[in-house]
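**Student:** Here you go, entry.cif (mmCIF, C-alpha atoms):
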```cif
data_coords
#
loop_
_atom_site.group_PDB
_atom_site.id
_atom_site.type_symbol
_atom_site.label_atom_id
_atom_site.label_comp_id
_atom_site.auth_asym_id
_atom_site.auth_seq_id
_atom_site.Cartn_x
_atom_site.Cartn_y
_atom_site.Cartn_z
ATOM 1 C CA LEU A 11 0.000 0.000 0.000
ATOM 2 C CA LEU A 12 2.777 2.434 0.880
ATOM 3 C CA SER A 13 4.397 1.802 -2.502
ATOM 4 C CA LEU A 14 1.385 2.737 -4.594
ATOM 5 C CA ARG A 15 0.635 6.088 -6.158
ATOM 6 C CA GLY A 16 -1.371 8.720 -4.344
ATOM 7 C CA SER A 17 -2.417 9.394 -0.789
ATOM 8 C CA VAL A 18 -2.165 6.689 1.837
ATOM 9 C CA CYS A 19 -4.757 6.105 4.532
ATOM 10 C CA LEU A 20 -3.777 4.030 7.532
ATOM 11 C CA TYR A 21 -6.629 2.470 9.430
ATOM 12 C CA ASN A 22 -6.989 3.098 13.161
ATOM 13 C CA GLY A 23 -4.417 0.907 14.938
ATOM 14 C CA GLU A 24 -2.791 -0.515 11.799
ATOM 15 C CA GLU A 25 0.553 1.052 12.742
ATOM 16 C CA LEU A 26 0.454 -0.909 16.008
ATOM 17 C CA GLY A 27 -0.595 -4.195 14.418
ATOM 18 C CA LEU A 28 -3.898 -4.208 16.296
ATOM 19 C CA PRO A 29 -6.393 -6.929 15.395
ATOM 20 C CA GLU A 30 -10.102 -6.132 15.273
ATOM 21 C CA ALA A 31 -11.359 -5.910 18.849
ATOM 22 C CA TYR A 32 -14.224 -7.861 20.304
ATOM 23 C CA VAL A 33 -16.815 -5.428 21.627
ATOM 24 C CA PRO A 34 -19.505 -6.946 23.869
ATOM 25 C CA PHE A 35 -23.094 -6.369 22.756
ATOM 26 C CA GLU A 36 -23.844 -4.069 25.700
ATOM 27 C CA ASP A 37 -20.979 -1.735 24.624
ATOM 28 C CA LEU A 38 -21.870 -1.536 20.910
ATOM 29 C CA ARG A 39 -22.608 1.888 19.441
ATOM 30 C CA ASP A 40 -22.842 1.004 15.724
ATOM 31 C CA PRO A 41 -26.528 0.746 14.695
ATOM 32 C CA TYR A 42 -25.713 -2.002 12.185
ATOM 33 C CA GLY A 43 -23.885 -4.060 14.786
ATOM 34 C CA ILE A 44 -26.759 -3.715 17.229
ATOM 35 C CA ARG A 45 -29.401 -4.542 14.616
ATOM 36 C CA PHE A 46 -27.677 -7.571 13.098
ATOM 37 C CA TRP A 47 -25.947 -9.015 16.193
ATOM 38 C CA PRO A 48 -24.538 -11.701 16.434
ATOM 39 C CA LYS A 49 -24.348 -12.491 12.692
ATOM 40 C CA PHE A 50 -22.734 -9.108 11.997
ATOM 41 C CA ARG A 51 -20.913 -7.440 14.884
ATOM 42 C CA GLY A 52 -20.769 -4.057 13.192
ATOM 43 C CA ARG A 53 -17.863 -1.669 12.797
ATOM 44 C CA ASP A 54 -17.117 -0.872 16.429
ATOM 45 C CA GLY A 55 -14.336 -3.494 16.679
ATOM 46 C CA CYS A 56 -12.304 -1.352 14.274
ATOM 47 C CA ARG A 57 -13.003 1.876 16.153
ATOM 48 C CA THR A 58 -11.839 1.167 19.681
ATOM 49 C CA PRO A 59 -9.397 3.614 21.335
ATOM 50 C CA ILE A 60 -5.702 3.525 20.496
ATOM 51 C CA PRO A 61 -3.843 2.017 23.465
ATOM 52 C CA TRP A 62 -1.151 4.563 24.324
ATOM 53 C CA ALA A 63 -0.024 3.088 27.641
ATOM 54 C CA ASN A 64 -0.803 0.042 29.739
ATOM 55 C CA ASP A 65 -0.574 1.684 33.137
ATOM 56 C CA ASN A 66 -4.107 2.978 33.605
ATOM 57 C CA THR A 67 -7.716 1.907 33.130
ATOM 58 C CA PHE A 68 -8.211 3.422 29.699
ATOM 59 C CA ALA A 69 -4.773 2.722 28.183
ATOM 60 C CA GLY A 70 -3.670 6.356 28.217
ATOM 61 C CA PHE A 71 -6.424 7.242 25.729
ATOM 62 C CA SER A 72 -8.564 9.067 28.262
ATOM 63 C CA GLU A 73 -9.022 9.711 31.964
ATOM 64 C CA VAL A 74 -12.741 8.956 31.652
ATOM 65 C CA LYS A 75 -14.611 6.058 30.099
ATOM 66 C CA PRO A 76 -14.330 6.387 26.303
ATOM 67 C CA TRP A 77 -17.192 5.946 23.833
ATOM 68 C CA LEU A 78 -16.023 2.382 23.088
ATOM 69 C CA PRO A 79 -14.124 0.115 25.484
ATOM 70 C CA VAL A 80 -10.376 -0.404 25.358
ATOM 71 C CA ALA A 81 -9.750 -3.914 24.024
ATOM 72 C CA ILE A 82 -7.935 -6.151 26.504
ATOM 73 C CA ASP A 83 -6.056 -7.941 23.711
ATOM 74 C CA HIS A 84 -4.693 -4.569 22.522
ATOM 75 C CA MET A 85 -2.890 -4.008 25.826
ATOM 76 C CA THR A 86 0.108 -6.061 24.652
ATOM 77 C CA ARG A 87 0.628 -3.707 21.674
ATOM 78 C CA THR A 88 0.504 -0.245 23.232
ATOM 79 C CA VAL A 89 2.425 2.685 21.812
ATOM 80 C CA ALA A 90 4.502 2.797 25.014
ATOM 81 C CA GLN A 91 5.537 -0.857 24.604
ATOM 82 C CA GLN A 92 6.468 -0.443 20.949
ATOM 83 C CA GLU A 93 8.097 2.997 21.235
ATOM 84 C CA GLY A 94 11.612 1.816 22.090
ATOM 85 C CA ASP A 95 11.567 -1.476 20.163
ATOM 86 C CA PRO A 96 13.278 -1.167 16.757
ATOM 87 C CA ASP A 97 11.620 -4.428 15.654
ATOM 88 C CA SER A 98 8.072 -3.342 16.529
ATOM 89 C CA THR A 99 5.264 -2.811 14.044
ATOM 90 C CA LEU A 100 5.198 0.876 14.988
ATOM 91 C CA ALA A 101 8.924 1.250 14.244
ATOM 92 C CA PHE A 102 8.463 -0.486 10.887
ATOM 93 C CA TYR A 103 5.620 1.850 9.895
ATOM 94 C CA ARG A 104 7.658 4.890 10.896
ATOM 95 C CA ARG A 105 10.636 3.711 8.802
ATOM 96 C CA MET A 106 8.441 2.872 5.825
ATOM 97 C CA LEU A 107 6.594 6.184 5.978
ATOM 98 C CA ALA A 108 9.912 8.066 6.181
ATOM 99 C CA PHE A 109 11.196 6.059 3.202
ATOM 100 C CA ARG A 110 8.044 6.905 1.246
ATOM 101 C CA ARG A 111 8.356 10.638 2.099
ATOM 102 C CA GLY A 112 11.934 10.628 0.828
ATOM 103 C CA ALA A 113 11.010 9.061 -2.531
ATOM 104 C CA PRO A 114 8.736 11.290 -4.645
ATOM 105 C CA ALA A 115 8.282 8.409 -7.114
ATOM 106 C CA PHE A 116 5.953 6.750 -4.579
ATOM 107 C CA ALA A 117 3.526 9.656 -4.407
ATOM 108 C CA LYS A 118 3.724 10.927 -7.985
ATOM 109 C CA GLY A 119 5.568 8.386 -10.107
ATOM 110 C CA ASP A 120 4.499 6.269 -13.012
ATOM 111 C CA PHE A 121 3.507 2.706 -12.201
ATOM 112 C CA ARG A 122 4.425 -0.296 -14.374
ATOM 113 C CA VAL A 123 4.068 -3.941 -13.350
ATOM 114 C CA THR A 124 7.106 -6.029 -14.350
ATOM 115 C CA ALA A 125 6.025 -9.398 -12.907
ATOM 116 C CA ALA A 126 2.956 -10.766 -11.165
ATOM 117 C CA THR A 127 1.671 -14.150 -10.050
ATOM 118 C CA ALA A 128 -0.522 -15.304 -7.186
ATOM 119 C CA GLY A 129 2.620 -15.370 -4.996
ATOM 120 C CA HIS A 130 4.489 -12.217 -5.948
ATOM 121 C CA ILE A 131 4.317 -8.846 -7.628
ATOM 122 C CA ALA A 132 7.035 -6.500 -8.857
ATOM 123 C CA PHE A 133 6.648 -3.043 -10.338
ATOM 124 C CA LEU A 134 8.589 0.064 -11.298
ATOM 125 C CA ARG A 135 7.897 3.535 -9.919
ATOM 126 C CA ALA A 136 9.530 6.457 -11.745
ATOM 127 C CA HIS A 137 9.379 10.219 -11.322
ATOM 128 C CA ALA A 138 11.728 13.145 -11.975
ATOM 129 C CA GLY A 139 14.785 10.997 -12.712
ATOM 130 C CA GLU A 140 14.207 8.594 -9.820
ATOM 131 C CA THR A 141 13.351 4.946 -10.572
ATOM 132 C CA LEU A 142 12.479 2.392 -7.924
ATOM 133 C CA TRP A 143 11.827 -1.305 -8.437
ATOM 134 C CA CYS A 144 9.514 -2.761 -5.816
ATOM 135 C CA ALA A 145 9.276 -6.544 -5.460
ATOM 136 C CA PHE A 146 7.075 -8.382 -2.965
ATOM 137 C CA ASN A 147 7.130 -12.055 -2.043
ATOM 138 C CA LEU A 148 3.614 -12.813 -0.817
ATOM 139 C CA GLY A 149 4.276 -16.513 -0.360
ATOM 140 C CA GLU A 150 5.635 -18.883 2.264
ATOM 141 C CA SER A 151 8.726 -19.949 0.274
ATOM 142 C CA PRO A 152 11.824 -18.003 -0.761
ATOM 143 C CA LEU A 153 11.531 -16.437 -4.198
ATOM 144 C CA ARG A 154 14.266 -15.798 -6.761
ATOM 145 C CA LEU A 155 13.533 -12.824 -9.047
ATOM 146 C CA ALA A 156 15.499 -11.263 -11.871
ATOM 147 C CA LEU A 157 15.838 -7.501 -11.655
ATOM 148 C CA PRO A 158 14.953 -5.285 -14.628
ATOM 149 C CA GLU A 159 17.808 -4.471 -16.963
ATOM 150 C CA GLY A 160 20.237 -1.885 -15.698
ATOM 151 C CA ARG A 161 22.269 -1.255 -12.570
ATOM 152 C CA TRP A 162 20.362 -1.567 -9.297
ATOM 153 C CA ARG A 163 21.167 -1.301 -5.619
ATOM 154 C CA ALA A 164 19.018 -2.041 -2.595
ATOM 155 C CA ALA A 165 17.537 1.214 -1.320
ATOM 156 C CA PRO A 166 19.361 1.813 1.986
ATOM 157 C CA ALA A 167 16.437 3.680 3.586
ATOM 158 C CA ALA A 168 13.948 0.870 2.910
ATOM 159 C CA PRO A 169 12.888 -1.050 6.025
ATOM 160 C CA PHE A 170 13.593 -4.461 4.489
ATOM 161 C CA ALA A 171 16.810 -6.461 4.524
ATOM 162 C CA ALA A 172 16.819 -7.823 0.976
ATOM 163 C CA THR A 173 20.002 -8.292 -1.036
ATOM 164 C CA ILE A 174 20.922 -8.084 -4.684
ATOM 165 C CA GLU A 175 23.468 -10.474 -6.176
ATOM 166 C CA GLY A 176 24.265 -10.179 -9.839
ATOM 167 C CA GLY A 177 21.053 -9.345 -11.643
ATOM 168 C CA GLU A 178 18.694 -11.000 -9.189
ATOM 169 C CA THR A 179 17.420 -11.138 -5.650
ATOM 170 C CA VAL A 180 16.229 -13.916 -3.395
ATOM 171 C CA LEU A 181 13.342 -12.704 -1.286
ATOM 172 C CA PRO A 182 12.556 -14.557 1.945
ATOM 173 C CA PRO A 183 8.879 -15.389 2.580
ATOM 174 C CA PHE A 184 6.633 -12.343 3.048
ATOM 175 C CA GLN A 185 9.452 -9.893 2.353
ATOM 176 C CA ALA A 186 10.136 -7.112 -0.102
ATOM 177 C CA LEU A 187 12.967 -5.450 -1.978
ATOM 178 C CA PHE A 188 13.084 -1.802 -2.903
ATOM 179 C CA ALA A 189 15.869 -1.153 -5.391
ATOM 180 C CA GLU A 190 17.132 2.134 -6.819
ATOM 181 C CA ARG A 191 18.367 2.414 -10.380
ATOM 182 C CA GLY A 192 22.048 3.324 -10.198
#
```
Can the structure from this file be put into structure tokens for me?

**Tutor:**
Amino acid sequence: LLSLRGSVCLYNGEELGLPEAYVPFEDLRDPYGIRFWPKFRGRDGCRTPIPWANDNTFAGFSEVKPWLPVAIDHMTRTVAQQEGDPDSTLAFYRRMLAFRRGAPAFAKGDFRVTAATAGHIAFLRAHAGETLWCAFNLGESPLRLALPEGRWRAAPAAPFAATIEGGETVLPPFQALFAERG
């Protein structure tokens, strides 16, 4: 998503890796969730408060009871817990967003798919003399991919640890490579 053209919208809690919360029926606010319970639980599970800290009743979100409850299973992924961890989901999102901000080709560049299967996709992004090749392994097995013609180097600011050897890369499962044309 952060490699595609245009504006990016992150969903509430995505940067913390929060799963959809279970909201008990008595705490629901969404009319659809109330009307169609239990077949459809509504949208409230995606709207619970962001857990900032795990040292008070409402996770640092508020001093008073919020509109929706704080999800208990979110308390292991608070901002405070992830803040100092360089391997956290929050740290990854911050690095990726900084990488995106530093590469105008992501926001404004042309988009051309160079390879795509059910298990991977690779595309070029180009703008104002900058060309990036983005390759994603969406599968459970390592993937060997040939790079487009030309000289390429792994983008040092990208938050992935992929390598280029010769004219190809081997991507571990569920990993990506961002390469800059040299």

**Student:** Run through the PyMOL selection byres ((chain A and resi 40) around 12) on the given coordinates and return the selected residues as a PyMOL selection string.

**Tutor:** chain A and resi 33-39+41-47+50-58+77-78

**Student:** How about saving the chosen residues, C-alpha atoms kept, as a PDB file, keeping the file's coordinate frame?

**Tutor:**
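Saved file out_13.pdb follows:
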```pdb
ATOM      1  CA  VAL A  33     -16.815  -5.428  21.627  1.00  0.00           C
ATOM      2  CA  PRO A  34     -19.505  -6.946  23.869  1.00  0.00           C
ATOM      3  CA  PHE A  35     -23.094  -6.369  22.756  1.00  0.00           C
ATOM      4  CA  GLU A  36     -23.844  -4.069  25.700  1.00  0.00           C
ATOM      5  CA  ASP A  37     -20.979  -1.735  24.624  1.00  0.00           C
ATOM      6  CA  LEU A  38     -21.870  -1.536  20.910  1.00  0.00           C
ATOM      7  CA  ARG A  39     -22.608   1.888  19.441  1.00  0.00           C
ATOM      8  CA  PRO A  41     -26.528   0.746  14.695  1.00  0.00           C
ATOM      9  CA  TYR A  42     -25.713  -2.002  12.185  1.00  0.00           C
ATOM     10  CA  GLY A  43     -23.885  -4.060  14.786  1.00  0.00           C
ATOM     11  CA  ILE A  44     -26.759  -3.715  17.229  1.00  0.00           C
ATOM     12  CA  ARG A  45     -29.401  -4.542  14.616  1.00  0.00           C
ATOM     13  CA  PHE A  46     -27.677  -7.571  13.098  1.00  0.00           C
ATOM     14  CA  TRP A  47     -25.947  -9.015  16.193  1.00  0.00           C
ATOM     15  CA  PHE A  50     -22.734  -9.108  11.997  1.00  0.00           C
ATOM     16  CA  ARG A  51     -20.913  -7.440  14.884  1.00  0.00           C
ATOM     17  CA  GLY A  52     -20.769  -4.057  13.192  1.00  0.00           C
ATOM     18  CA  ARG A  53     -17.863  -1.669  12.797  1.00  0.00           C
ATOM     19  CA  ASP A  54     -17.117  -0.872  16.429  1.00  0.00           C
ATOM     20  CA  GLY A  55     -14.336  -3.494  16.679  1.00  0.00           C
ATOM     21  CA  CYS A  56     -12.304  -1.352  14.274  1.00  0.00           C
ATOM     22  CA  ARG A  57     -13.003   1.876  16.153  1.00  0.00           C
ATOM     23  CA  THR A  58     -11.839   1.167  19.681  1.00  0.00           C
ATOM     24  CA  TRP A  77     -17.192   5.946  23.833  1.00  0.00           C
ATOM     25  CA  LEU A  78     -16.023   2.382  23.088  1.00  0.00           C
TER      26      LEU A  78
END
```

**Student:** Let me know the residues the PyMOL selection byres ((chain A and resi 24-29) around 6) catches in the file above, as number ranges by chain.

**Tutor:** A: 21-23, 30, 99-100, 103

**Student:** List the residues selected by the PyMOL selection byres ((chain A and resi 146-160) around 9) in the file shown, writing them as a PyMOL selection string.

**Tutor:** chain A and resi 124+128-132+134+143-145+161-162+174+177-189+191-192

**Student:** For Phe133 of chain A, which residue among A:Phe121, A:Phe170, A:Tyr32, A:Phe71 is the nearest when counting all atoms listed in the file?

**Tutor:**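 Among the listed residues, the smallest separation from Phe133 of chain A belongs to A:Phe121.
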
**Student:** I want to know what sits within 8 Å of Thr141 of chain A, based on only C-alpha atoms, with residues of the same chain fewer than 4 positions away left out; could you give that as a list in words?

**Tutor:**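 Contacts, with the query itself left out: Ala115, Leu134, Arg135, Ala136, His137, Glu190 and Arg191 of chain A.
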
**Student:** What separation in Å, quoted to one decimal, exists between atom CA of Pro76 of chain A and atom CA of Leu20 of chain A?

**Tutor:**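 Distance reported for this atom pair: 21.7 Å.
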
**Student:** Taking only C-alpha atoms into account, name the residue in A:Met106, A:Leu11, A:Ala63, A:Val74 that is nearest to Thr86 of chain A.

**Tutor:** A:Ala63

**Student:** At what distance in Å, to one decimal, does atom CA of Asn66 of chain A lie from atom CA of Pro79 of chain A?

**Tutor:** 13.2 Å

**Student:** Which distance in Å separates atom CA of Phe102 of chain A and atom CA of Pro59 of chain A, to one decimal?

**Tutor:**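 We find that atom CA of Phe102 of chain A and atom CA of Pro59 of chain A lie 21.1 Å from each other.
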
**Student:** Go through A:Ala125, A:Ala117, A:Ala164, A:Met85 one by one, measure the shortest atom-to-atom distance of each to Val18 of chain A using all atoms listed in the file, and give the residue with the smallest value.

**Tutor:**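 Checking each candidate against Val18 of chain A, we get A:Ala117 as the closest.
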
**Student:** If the box runs along x, y and z of the file and leaves 5 Å on each side of segment 112-129 of chain A, what are its centre and edge lengths in Å, one decimal, as lines of an AutoDock Vina configuration file?

**Tutor:**
```
center_x = 5.7
center_y = -2.0
center_z = -6.8
size_x = 22.5
size_y = 36.7
size_z = 25.2
```
